[in-house]
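Undergrad: Just so it is clear, I am handing over run07.cif, which has mmCIF, C-alpha atoms and all ligand atoms.
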```
data_final
loop_
_atom_site.label_atom_id
_atom_site.label_comp_id
_atom_site.auth_asym_id
_atom_site.auth_seq_id
_atom_site.Cartn_x
_atom_site.Cartn_y
_atom_site.Cartn_z
CA MET A 1 87.19 107.75 96.90
CA LEU A 2 90.74 107.05 98.11
CA VAL A 3 91.79 103.40 97.59
CA LEU A 4 94.94 101.86 99.04
CA GLY A 5 96.39 98.99 96.99
CA VAL A 6 98.93 96.38 98.10
CA GLU A 7 100.89 93.95 95.91
CA SER A 8 103.32 91.27 97.12
CA SER A 9 102.81 88.27 94.82
CA CYS A 10 106.43 87.84 93.75
CA ASP A 11 109.57 89.90 94.30
CA GLU A 12 108.18 93.43 94.36
CA THR A 13 106.65 94.98 97.46
CA ALA A 14 104.26 97.66 96.28
CA VAL A 15 101.75 100.04 97.84
CA ALA A 16 99.76 102.66 95.93
CA LEU A 17 97.06 105.24 96.47
CA VAL A 18 94.50 105.85 93.76
CA GLU A 19 91.82 108.52 94.02
CA ASP A 20 88.95 108.85 91.55
CA GLY A 21 90.88 107.20 88.73
CA ARG A 22 94.06 109.14 89.41
CA VAL A 23 97.23 107.48 90.70
CA LEU A 24 98.42 109.67 93.60
CA SER A 25 101.40 107.46 94.39
CA SER A 26 102.79 104.08 93.38
CA ALA A 27 105.66 102.96 95.61
CA VAL A 28 107.54 99.83 94.53
CA ARG A 29 110.49 98.22 96.27
CA SER A 30 112.20 95.56 94.15
CA GLN A 31 114.11 92.67 95.67
CA ILE A 32 116.04 91.87 92.49
CA GLU A 33 119.42 92.33 94.18
CA ARG A 34 118.60 89.73 96.83
CA HIS A 35 117.61 87.12 94.23
CA ALA A 36 120.13 87.89 91.48
CA PRO A 37 122.86 85.60 92.93
CA PHE A 38 120.41 82.67 92.59
CA GLY A 39 119.31 83.52 89.03
CA GLY A 40 115.63 83.54 90.06
CA VAL A 41 113.25 84.39 92.89
CA VAL A 42 113.82 82.41 96.12
CA PRO A 43 110.37 82.21 97.81
CA ASP A 44 111.51 82.30 101.47
CA ILE A 45 113.86 85.21 100.90
CA ALA A 46 111.08 87.03 99.05
CA ALA A 47 108.49 86.53 101.80
CA ARG A 48 110.88 87.73 104.49
CA ALA A 49 111.82 90.77 102.45
CA HIS A 50 108.13 91.70 101.97
CA SER A 51 107.58 91.60 105.76
CA GLU A 52 110.66 93.72 106.36
CA VAL A 53 109.76 96.53 103.99
CA ILE A 54 105.97 96.68 103.65
CA ASP A 55 105.52 99.34 106.36
CA LEU A 56 108.28 101.45 104.81
CA VAL A 57 106.78 101.15 101.32
CA ALA A 58 103.36 102.14 102.68
CA ASP A 59 104.89 105.17 104.45
CA GLU A 60 106.50 106.15 101.17
CA ALA A 61 103.18 105.82 99.31
CA PHE A 62 101.33 108.01 101.85
CA ARG A 63 104.10 110.62 101.87
CA ALA A 64 104.26 110.82 98.07
CA ALA A 65 100.46 111.10 97.84
CA GLY A 66 100.18 113.70 100.61
CA ARG A 67 97.48 111.62 102.31
CA THR A 68 97.15 109.93 105.70
CA PRO A 69 95.89 106.44 106.62
CA ALA A 70 92.79 108.04 108.18
CA GLN A 71 91.73 109.31 104.73
CA VAL A 72 91.61 105.84 103.11
CA ASP A 73 88.10 104.77 101.99
CA ALA A 74 88.91 101.20 100.90
CA VAL A 75 91.81 98.75 100.81
CA ALA A 76 92.73 96.15 98.19
CA ALA A 77 95.43 93.49 98.06
CA THR A 78 96.49 90.81 95.60
CA ARG A 79 95.33 87.36 96.69
CA ALA A 80 96.35 85.21 93.66
CA PRO A 81 98.26 83.99 91.75
CA GLY A 82 101.80 84.02 93.10
CA LEU A 83 104.07 82.68 95.81
CA VAL A 84 101.68 81.96 98.68
CA ASN A 85 104.20 82.95 101.40
CA CYS A 86 104.60 86.27 99.65
CA LEU A 87 100.91 86.88 98.91
CA VAL A 88 100.06 86.26 102.57
CA VAL A 89 102.25 89.16 103.69
CA GLY A 90 100.48 91.83 101.63
CA LEU A 91 97.05 90.27 101.94
CA SER A 92 97.20 90.07 105.76
CA TRP A 93 98.63 93.56 105.93
CA GLY A 94 95.80 94.92 103.79
CA LYS A 95 93.08 93.05 105.67
CA ALA A 96 94.45 94.24 109.03
CA PHE A 97 94.50 97.83 107.76
CA ALA A 98 90.89 97.55 106.52
CA VAL A 99 89.59 95.98 109.73
CA ALA A 100 91.44 98.44 111.97
CA ARG A 101 90.07 101.42 110.04
CA ASP A 102 86.67 99.84 109.38
CA VAL A 103 86.75 100.34 105.61
CA PRO A 104 85.83 97.85 102.84
CA PHE A 105 88.42 95.31 101.71
CA VAL A 106 88.74 93.94 98.17
CA ALA A 107 90.76 90.81 97.25
CA ILE A 108 92.31 91.12 93.80
CA ASP A 109 93.48 88.69 91.12
CA HIS A 110 96.93 89.79 89.95
CA LEU A 111 96.26 88.82 86.32
CA GLU A 112 93.05 90.79 86.13
CA ALA A 113 94.91 93.73 87.67
CA HIS A 114 97.61 93.49 84.96
CA VAL A 115 94.86 93.56 82.31
CA HIS A 116 93.01 96.45 83.98
CA ALA A 117 96.29 98.44 84.17
CA CYS A 118 95.78 99.50 80.53
CA THR A 119 93.13 101.94 81.76
CA LEU A 120 95.60 103.84 83.97
CA PRO A 121 96.94 107.26 83.00
CA PRO A 122 100.75 107.57 82.77
CA PRO A 123 102.41 108.53 86.09
CA GLY A 124 101.84 112.22 86.78
CA ALA A 125 98.99 112.58 84.28
CA ALA A 126 95.70 113.65 85.76
CA ALA A 127 93.31 112.01 83.36
CA ALA A 128 93.00 108.41 82.30
CA PRO A 129 93.28 107.82 78.52
CA ASP A 130 89.60 106.90 78.27
CA VAL A 131 90.10 103.22 77.55
CA GLU A 132 86.75 101.48 77.28
CA PRO A 133 86.21 97.72 77.28
CA PRO A 134 85.50 95.49 75.46
CA LEU A 135 89.09 94.93 74.47
CA VAL A 136 91.55 92.12 73.86
CA ALA A 137 94.58 92.27 76.13
CA LEU A 138 97.91 90.55 75.79
CA LEU A 139 99.34 89.92 79.24
CA ALA A 140 102.98 88.90 78.97
CA SER A 141 104.93 88.66 82.20
CA GLY A 142 107.53 86.49 83.90
CA GLY A 143 105.04 84.04 85.34
CA HIS A 144 102.13 84.17 82.87
CA THR A 145 101.38 84.85 79.26
CA GLY A 146 97.83 84.93 77.99
CA ILE A 147 95.40 86.63 75.65
CA TYR A 148 92.23 87.87 77.38
CA ARG A 149 88.94 89.34 76.41
CA TYR A 150 88.19 92.10 78.92
CA ASP A 151 84.64 93.41 79.26
CA GLY A 152 85.19 95.26 82.54
CA PRO A 153 85.94 94.43 86.20
CA GLY A 154 85.09 90.81 86.97
CA GLN A 155 84.52 90.04 83.29
CA VAL A 156 87.74 88.56 82.02
CA ARG A 157 87.89 85.54 79.75
CA ARG A 158 91.06 83.82 78.67
CA LEU A 159 91.18 83.23 74.93
CA GLY A 160 94.65 81.72 74.73
CA ARG A 161 97.89 81.24 76.59
CA THR A 162 101.36 79.81 76.42
CA VAL A 163 101.35 76.06 76.84
CA ASP A 164 104.85 76.07 78.36
CA ASP A 165 107.11 79.00 79.31
CA ALA A 166 105.76 82.49 79.88
CA ALA A 167 107.19 85.08 77.49
CA GLY A 168 109.21 86.75 80.27
CA GLU A 169 110.54 83.40 81.36
CA ALA A 170 111.70 82.76 77.78
CA PHE A 171 113.47 86.14 77.76
CA ASP A 172 115.10 85.33 81.12
CA LYS A 173 116.25 81.86 80.01
CA VAL A 174 117.61 83.12 76.70
CA ALA A 175 119.46 85.86 78.60
CA ILE A 176 121.19 83.16 80.63
CA LEU A 177 122.12 81.32 77.41
CA LEU A 178 123.63 84.56 76.12
CA GLY A 179 125.50 85.30 79.36
CA LEU A 180 123.37 88.38 80.11
CA PRO A 181 122.41 89.42 83.69
CA TYR A 182 119.18 88.57 85.55
CA PRO A 183 116.37 89.48 85.03
CA GLY A 184 117.05 89.02 81.36
CA GLY A 185 114.24 90.81 79.51
CA PRO A 186 115.63 94.35 79.56
CA HIS A 187 119.18 93.09 78.86
CA VAL A 188 118.05 91.06 75.85
CA GLU A 189 116.24 94.14 74.55
CA GLN A 190 119.34 96.24 74.98
CA ALA A 191 121.59 93.67 73.27
CA ALA A 192 119.03 93.37 70.44
CA ARG A 193 119.40 97.06 69.57
CA ALA A 194 122.75 96.36 67.91
CA GLY A 195 121.60 93.16 66.24
CA ASP A 196 119.96 91.99 63.02
CA PRO A 197 116.48 90.54 63.69
CA THR A 198 116.67 88.50 60.48
CA ALA A 199 120.03 86.88 61.26
CA TYR A 200 118.35 83.73 62.60
CA ASP A 201 115.04 82.30 61.45
CA PHE A 202 113.72 81.25 64.86
CA PRO A 203 110.34 79.46 65.09
CA ARG A 204 107.03 81.17 65.92
CA ALA A 205 105.04 78.29 67.37
CA ARG A 206 101.27 78.23 67.60
CA VAL A 207 99.42 75.26 69.00
CA LYS A 208 97.33 73.39 66.44
CA ARG A 209 93.63 73.10 67.27
CA ARG A 210 93.87 75.66 70.09
CA LYS A 211 93.51 78.88 68.24
CA TYR A 212 95.32 81.41 70.38
CA ASP A 213 97.69 79.15 72.30
CA VAL A 214 101.42 79.59 71.75
CA SER A 215 104.59 77.78 72.77
CA PHE A 216 108.05 79.09 73.54
CA SER A 217 109.90 75.87 74.33
CA GLY A 218 110.90 75.18 70.72
CA LEU A 219 112.15 78.73 70.36
CA LYS A 220 114.31 78.35 73.45
CA THR A 221 115.78 75.11 72.09
CA ALA A 222 116.38 76.78 68.72
CA VAL A 223 118.37 79.49 70.49
CA LEU A 224 120.36 76.85 72.37
CA TYR A 225 121.20 74.89 69.20
CA GLY A 226 121.76 78.07 67.18
CA THR A 227 124.37 79.29 69.66
CA ARG A 228 125.94 75.97 70.78
CA GLY A 229 125.32 73.56 67.93
CA ARG A 230 122.73 70.80 67.57
CA ASN A 231 122.06 68.65 70.63
CA GLN A 232 124.63 70.56 72.68
CA PRO A 233 124.02 71.22 76.40
CA LYS A 234 123.62 74.80 77.63
CA GLU A 235 126.99 74.55 79.36
CA ALA A 236 128.73 74.18 75.96
CA PRO A 237 130.70 77.23 74.74
CA LEU A 238 129.15 79.60 72.20
CA LEU A 239 129.90 78.67 68.59
CA PRO A 240 132.75 80.78 67.18
CA GLY A 241 131.46 83.93 65.50
CA THR A 242 128.15 83.95 67.39
CA SER A 243 126.83 87.49 67.67
CA VAL A 244 124.93 87.90 70.95
CA ALA A 245 123.24 90.97 69.45
CA ASP A 246 122.00 89.05 66.40
CA VAL A 247 120.69 86.17 68.52
CA ALA A 248 118.97 88.59 70.93
CA ALA A 249 117.39 90.57 68.07
CA SER A 250 116.20 87.45 66.22
CA PHE A 251 114.82 85.89 69.40
CA GLN A 252 113.05 89.11 70.41
CA GLU A 253 111.57 89.43 66.92
CA ALA A 254 110.22 85.86 67.06
CA VAL A 255 108.52 86.44 70.44
CA CYS A 256 107.06 89.82 69.45
CA ASP A 257 105.94 88.65 66.00
CA LEU A 258 104.11 85.66 67.49
CA LEU A 259 102.46 87.54 70.36
CA VAL A 260 101.32 90.47 68.25
CA ASP A 261 99.96 88.17 65.54
CA VAL A 262 97.85 86.20 67.99
CA THR A 263 96.60 89.32 69.77
CA VAL A 264 95.54 91.12 66.59
CA GLU A 265 93.88 88.00 65.22
CA ALA A 266 91.95 87.46 68.47
CA ALA A 267 90.74 91.07 68.48
CA LEU A 268 89.53 90.85 64.90
CA GLU A 269 87.71 87.58 65.51
CA GLU A 270 86.21 88.80 68.77
CA GLY A 271 85.00 91.90 66.99
CA VAL A 272 86.54 94.36 69.43
CA SER A 273 88.21 97.54 68.27
CA THR A 274 90.92 97.87 70.96
CA ILE A 275 93.97 95.83 71.88
CA ALA A 276 96.05 96.45 74.99
CA LEU A 277 99.45 95.24 76.15
CA GLY A 278 100.36 94.60 79.79
CA GLY A 279 102.77 92.68 82.03
CA GLY A 280 106.54 93.11 82.37
CA VAL A 281 107.33 92.04 78.79
CA ALA A 282 105.05 94.84 77.56
CA CYS A 283 107.88 97.22 78.57
CA ASN A 284 109.69 95.87 75.52
CA GLY A 285 110.05 98.60 72.90
CA ARG A 286 109.92 96.24 69.93
CA LEU A 287 106.74 94.57 71.21
CA ARG A 288 105.13 97.98 71.66
CA ALA A 289 106.18 99.21 68.22
CA LEU A 290 105.05 96.05 66.43
CA ALA A 291 101.69 96.00 68.22
CA ARG A 292 101.09 99.60 67.25
CA GLU A 293 102.12 99.04 63.66
CA ARG A 294 100.13 95.86 63.03
CA GLY A 295 97.17 96.79 65.22
CA GLU A 296 96.72 100.19 63.57
CA ALA A 297 97.13 98.63 60.12
CA GLN A 298 94.01 96.61 60.99
CA GLY A 299 92.13 99.69 62.21
CA LEU A 300 92.47 98.78 65.89
CA ARG A 301 93.13 101.19 68.73
CA VAL A 302 96.37 100.09 70.42
CA VAL A 303 96.68 100.84 74.14
CA LEU A 304 100.19 100.55 75.52
CA THR A 305 100.09 100.39 79.32
CA PRO A 306 102.59 102.86 80.81
CA PRO A 307 105.79 100.85 81.56
CA ALA A 308 105.59 101.71 85.29
CA TYR A 309 102.27 99.84 85.38
CA CYS A 310 103.43 96.92 83.20
CA THR A 311 105.83 95.52 85.77
CA ASP A 312 104.41 94.55 89.16
CA ASN A 313 102.89 97.50 90.99
CA ALA A 314 100.03 98.28 93.34
CA ALA A 315 98.41 101.08 91.33
CA MET A 316 96.80 98.42 89.13
CA VAL A 317 95.51 96.67 92.26
CA ALA A 318 93.99 99.83 93.72
CA ALA A 319 92.56 100.91 90.36
CA LEU A 320 90.84 97.57 89.74
CA ALA A 321 89.44 97.63 93.28
CA ALA A 322 88.09 101.14 92.74
CA ALA A 323 86.41 100.03 89.51
CA ARG A 324 84.89 97.02 91.27
CA LEU A 325 83.67 99.21 94.12
CA ARG A 326 82.04 101.55 91.63
CA ALA A 327 80.25 98.60 90.03
CA SER A 328 79.08 96.96 93.28
CA VAL A 329 79.70 96.85 97.01
CA PRO A 330 82.02 94.03 98.09
CA GLY A 331 80.67 91.67 100.76
CA ASP A 332 82.34 90.62 104.02
CA ASP A 333 83.47 87.45 102.27
CA GLU A 334 86.28 89.43 100.63
CA LEU A 335 88.02 89.40 104.02
CA ALA A 336 87.71 85.61 104.13
CA ARG A 337 89.42 85.08 100.78
CA SER A 338 92.78 83.41 101.18
CA ALA A 339 96.04 83.56 99.27
CA GLU A 340 96.24 81.10 96.37
CA ALA A 341 99.16 80.09 94.19
CA ARG A 342 96.89 79.69 91.17
CA SER A 343 94.31 81.81 89.43
CA GLU A 344 91.33 80.67 87.35
CA LEU A 345 92.60 83.16 84.77
CA ALA A 346 96.01 81.53 84.35
O1 LIG B 401 104.92 91.43 85.16
P1 LIG B 401 106.29 91.28 85.76
O2 LIG B 401 106.96 92.46 86.38
O3 LIG B 401 106.29 90.18 86.86
C1 LIG B 401 105.51 89.03 86.82
O4 LIG B 401 104.33 89.08 87.27
O5 LIG B 401 106.06 88.03 86.28
O6 LIG B 401 107.21 90.67 84.59
C2 LIG B 401 108.59 90.38 84.77
C3 LIG B 401 109.13 89.81 83.46
C4 LIG B 401 110.55 89.28 83.57
O7 LIG B 401 110.61 88.00 82.98
C5 LIG B 401 111.37 90.30 82.76
O8 LIG B 401 112.52 89.74 82.17
C6 LIG B 401 110.36 90.74 81.73
O9 LIG B 401 109.13 90.82 82.44
N1 LIG B 401 110.70 92.05 81.15
C7 LIG B 401 111.01 92.24 79.85
C8 LIG B 401 111.35 93.61 79.71
N2 LIG B 401 111.21 94.21 80.93
C9 LIG B 401 110.82 93.23 81.80
N3 LIG B 401 111.02 91.39 78.82
C10 LIG B 401 111.38 91.89 77.62
N4 LIG B 401 111.74 93.18 77.41
C11 LIG B 401 111.73 94.07 78.41
N5 LIG B 401 112.07 95.34 78.21
ZN ZN B 402 102.89 90.45 87.40
#
```
Can I see the file as structure tokens?

TA:
Amino acid sequence: MLVLGVESSCDETAVALVEDGRVLSSAVRSQIERHAPFGGVVPDIAARAHSEVIDLVADEAFRAAGRTPAQVDAVAATRAPGLVNCLVVGLSWGKAFAVARDVPFVAIDHLEAHVHACTLPPPGAAAAPDVEPPLVALLASGGHTGIYRYDGPGQVRRLGRTVDDAAGEAFDKVAILLGLPYPGGPHVEQAARAGDPTAYDFPRARVKRRKYDVSFSGLKTAVLYGTRGRNQPKEAPLLPGTSVADVAASFQEAVCDLLVDVTVEAALEEGVSTIALGGGVACNGRLRALARERGEAQGLRVVLTPPAYCTDNAAMVAALAAARLRASVPGDDELARSAEARSELA
């Protein structure tokens, strides 16, 4: 079965073709350059950019897969959560394609797709790595951070989440504090390579009474005060002798330490034997290494989603749709589902 997936929830326009569990193509066009001058995603610019490029990205996906639109058996698009103006572009495009070709349509939750992405084989590999739910997944991206129990398509339960900033958002804000470019995550990771992760003792904050909830706002403030001095505004100059590398490494260590701890603990208490990492922050090498180290020390299987499927992509959308189609036939109501800013899973 050939499934076409479409993703346009934020600033990446993505189209992918997945056939019988194999990713034939995953085309992604990023808009980062258009938003970089503003230091964040501008919704109207993003929506317009999606409309401009979606046909081109789809052409690219079909060409790379060596397939034609007439061969598609089902279409899926992200419906929530995200910027509604942006979601509407991909969702309408996908629905129109499905109606015109008279094939089933599946509306997808972006967060569930990020979780499901851990079952995908690395780009170019023929076989999936045989990842079987139940598992506990850490989803850490720019917009969301949560710990989920995943029992298969449609069976996702949130166990915990950040009560303030998402992990990626914390990376992006700390990058700004350190004068690093947008989006900050990869730049903080790079700066951290030359730094000492023990140079600063930054907080790892868990929320009392809510077992797997975490907070990053105190960590962000600790970085601000650690680099500017107590009660200083972010516009204040860096304290003399501040090492950007040391701050980046210590901050990164605090985020990774906290997230891995909570994930491993949740898996052990849920009695599952697999943990998985997904979302843009799961590209982070230190997070991957620490999850492997601590997860394996507890006898858990650690599934690291291929980086190409951690950041926003449409292969995860098509793959989740294919899994849902295998489990049951979607009804006509899938075509009636509208774009929503929020998800029940957030
Ligand atoms: O999942 P994603 O592509 O988009 C959302 O759905 O939000 O995640 C983007 C986020 C950004 O905040 C970015 O800074 C962060 O993921 N990110 C990283 C790394 N690569 C991307 N954070 C830390 N280390 C990285 N290597
Ligand atoms: Zn995402």

Undergrad: Between A:Ala336, A:His187, A:Ser26, A:Val41, which is the closest to Asp11 in chain A once you count all atoms listed in the file?

TA: A:Val41

Undergrad: Could you give me, as JSON lines, every chain A residue with an atom at most 7 Å from ligand LIG 401 (chain B), plus its closest atom pair and distance in Å to one decimal, counting all atoms listed in the file, rows ordered by chain then number?

TA:
```
{"residue": "A:Cys10", "atom": "CA", "partner": "B:LIG401", "partner_atom": "O4", "distance": 6.9}
{"residue": "A:Ala140", "atom": "CA", "partner": "B:LIG401", "partner_atom": "O1", "distance": 7.0}
{"residue": "A:Ser141", "atom": "CA", "partner": "B:LIG401", "partner_atom": "O6", "distance": 3.9}
{"residue": "A:Gly142", "atom": "CA", "partner": "B:LIG401", "partner_atom": "O5", "distance": 3.2}
{"residue": "A:Gly143", "atom": "CA", "partner": "B:LIG401", "partner_atom": "O5", "distance": 4.2}
{"residue": "A:His144", "atom": "CA", "partner": "B:LIG401", "partner_atom": "O5", "distance": 6.5}
{"residue": "A:Gly168", "atom": "CA", "partner": "B:LIG401", "partner_atom": "O7", "distance": 3.3}
{"residue": "A:Glu169", "atom": "CA", "partner": "B:LIG401", "partner_atom": "O7", "distance": 4.9}
{"residue": "A:Phe171", "atom": "CA", "partner": "B:LIG401", "partner_atom": "O8", "distance": 5.8}
{"residue": "A:Asp172", "atom": "CA", "partner": "B:LIG401", "partner_atom": "O8", "distance": 5.2}
{"residue": "A:Pro183", "atom": "CA", "partner": "B:LIG401", "partner_atom": "O8", "distance": 4.8}
{"residue": "A:Gly184", "atom": "CA", "partner": "B:LIG401", "partner_atom": "O8", "distance": 4.7}
{"residue": "A:Gly185", "atom": "CA", "partner": "B:LIG401", "partner_atom": "O8", "distance": 3.3}
{"residue": "A:Pro186", "atom": "CA", "partner": "B:LIG401", "partner_atom": "N5", "distance": 3.9}
{"residue": "A:Val188", "atom": "CA", "partner": "B:LIG401", "partner_atom": "N4", "distance": 6.8}
{"residue": "A:Glu189", "atom": "CA", "partner": "B:LIG401", "partner_atom": "N4", "distance": 5.4}
{"residue": "A:Gly279", "atom": "CA", "partner": "B:LIG401", "partner_atom": "O1", "distance": 4.0}
{"residue": "A:Gly280", "atom": "CA", "partner": "B:LIG401", "partner_atom": "O6", "distance": 3.4}
{"residue": "A:Val281", "atom": "CA", "partner": "B:LIG401", "partner_atom": "N3", "distance": 3.7}
{"residue": "A:Ala282", "atom": "CA", "partner": "B:LIG401", "partner_atom": "C8", "distance": 6.8}
{"residue": "A:Cys283", "atom": "CA", "partner": "B:LIG401", "partner_atom": "N5", "distance": 4.6}
{"residue": "A:Asn284", "atom": "CA", "partner": "B:LIG401", "partner_atom": "N5", "distance": 3.6}
{"residue": "A:Gly285", "atom": "CA", "partner": "B:LIG401", "partner_atom": "N5", "distance": 6.6}
{"residue": "A:Cys310", "atom": "CA", "partner": "B:LIG401", "partner_atom": "O1", "distance": 6.0}
{"residue": "A:Thr311", "atom": "CA", "partner": "B:LIG401", "partner_atom": "O2", "distance": 3.3}
{"residue": "A:Asp312", "atom": "CA", "partner": "B:LIG401", "partner_atom": "O2", "distance": 4.3}
```

Undergrad: Taking (127.4, 83.9, 72.0) in the file's coordinates, which residues come within 9 Å, counting only C-alpha atoms, written as a VMD selection string?

TA: chain A and resid 177 to 179 227 to 228 237 to 245 247

Undergrad: Kindly provide the residues of range 221-338 of chain A that approach range 51-65 of chain A to within 12 Å, each paired with its closest atom pair and their distance in Å to one decimal, based on only C-alpha atoms, listed by chain and increasing number, as a tab-separated table.

TA:
```
residue	atom	partner	partner_atom	distance
A:Asn313	CA	A:Val57	CA	11.6
A:Ala314	CA	A:Ala61	CA	10.1
A:Ala315	CA	A:Ala61	CA	10.4
```

Undergrad: Find, counting only C-alpha atoms, the residue in A:Arg29, A:Arg292, A:Arg67, A:His110 that gets nearest to His50 in chain A.

TA: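 The shortest atom-to-atom distance to His50 in chain A comes from A:Arg29.
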
Undergrad: Ranking A:Ile176, A:Val207, A:Leu290, A:Ala117 by minimum distance to ligand ZN 402 (chain B) and counting all atoms listed in the file, which one comes first?

TA: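 Of all the options, A:Ala117 lies closest to ligand ZN 402 (chain B).
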
Undergrad: Residues within 10 Å of (94.9, 82.5, 100.6), file coordinates, counting all atoms listed in the file: what are they? Give the list as a ChimeraX atom specification.

TA: /A:78-81,84-85,87-88,91-92,107,336-341

Undergrad: For the residues in that selection, give me C-alpha atoms as a PDB file, in the frame of the given file.

TA:
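And here's out.pdb as it stands now:
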```
ATOM      1  CA  THR A  78      96.490  90.810  95.600  1.00  0.00           C
ATOM      2  CA  ARG A  79      95.330  87.360  96.690  1.00  0.00           C
ATOM      3  CA  ALA A  80      96.350  85.210  93.660  1.00  0.00           C
ATOM      4  CA  PRO A  81      98.260  83.990  91.750  1.00  0.00           C
ATOM      5  CA  VAL A  84     101.680  81.960  98.680  1.00  0.00           C
ATOM      6  CA  ASN A  85     104.200  82.950 101.400  1.00  0.00           C
ATOM      7  CA  LEU A  87     100.910  86.880  98.910  1.00  0.00           C
ATOM      8  CA  VAL A  88     100.060  86.260 102.570  1.00  0.00           C
ATOM      9  CA  LEU A  91      97.050  90.270 101.940  1.00  0.00           C
ATOM     10  CA  SER A  92      97.200  90.070 105.760  1.00  0.00           C
ATOM     11  CA  ALA A 107      90.760  90.810  97.250  1.00  0.00           C
ATOM     12  CA  ALA A 336      87.710  85.610 104.130  1.00  0.00           C
ATOM     13  CA  ARG A 337      89.420  85.080 100.780  1.00  0.00           C
ATOM     14  CA  SER A 338      92.780  83.410 101.180  1.00  0.00           C
ATOM     15  CA  ALA A 339      96.040  83.560  99.270  1.00  0.00           C
ATOM     16  CA  GLU A 340      96.240  81.100  96.370  1.00  0.00           C
ATOM     17  CA  ALA A 341      99.160  80.090  94.190  1.00  0.00           C
TER      18      ALA A 341
END
```

Undergrad: Which is closest to Arg158 in chain A among A:Gly5, A:Pro121, A:Gly21, A:Gly146, if we use only C-alpha atoms?

TA: A:Gly146

Undergrad: Could you check which of A:Glu19, A:Glu265, A:Glu270, A:Glu12 is closest to ligand ZN 402 (chain B), using all atoms listed in the file?

TA: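 The shortest atom-to-atom distance to ligand ZN 402 (chain B) comes from A:Glu12.
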
Undergrad: Looking at all atoms listed in the file, which of A:Gly90, A:Gly295, A:Gly278, A:Gly226 is the one that sits closest to Leu120 in chain A?

TA: A:Gly278

Undergrad: Set the distance at 9 Å and use only C-alpha atoms: which residues neighbour Ala266 in chain A once local chain neighbours fewer than 2 positions away are removed? I'd like the list as JSON, numbers by chain.

TA: {"A": [136, 147, 148, 149, 159, 160, 211, 212, 261, 262, 263, 264, 268, 269, 270, 271, 272]}

Undergrad: Write out as a PyMOL selection string each polymer residue whose atoms come within 10 Å of Ala323 in chain A, counting only C-alpha atoms; drop sequence neighbours fewer than 6 positions from it.

TA: chain A and resi 20-21+116+152-154
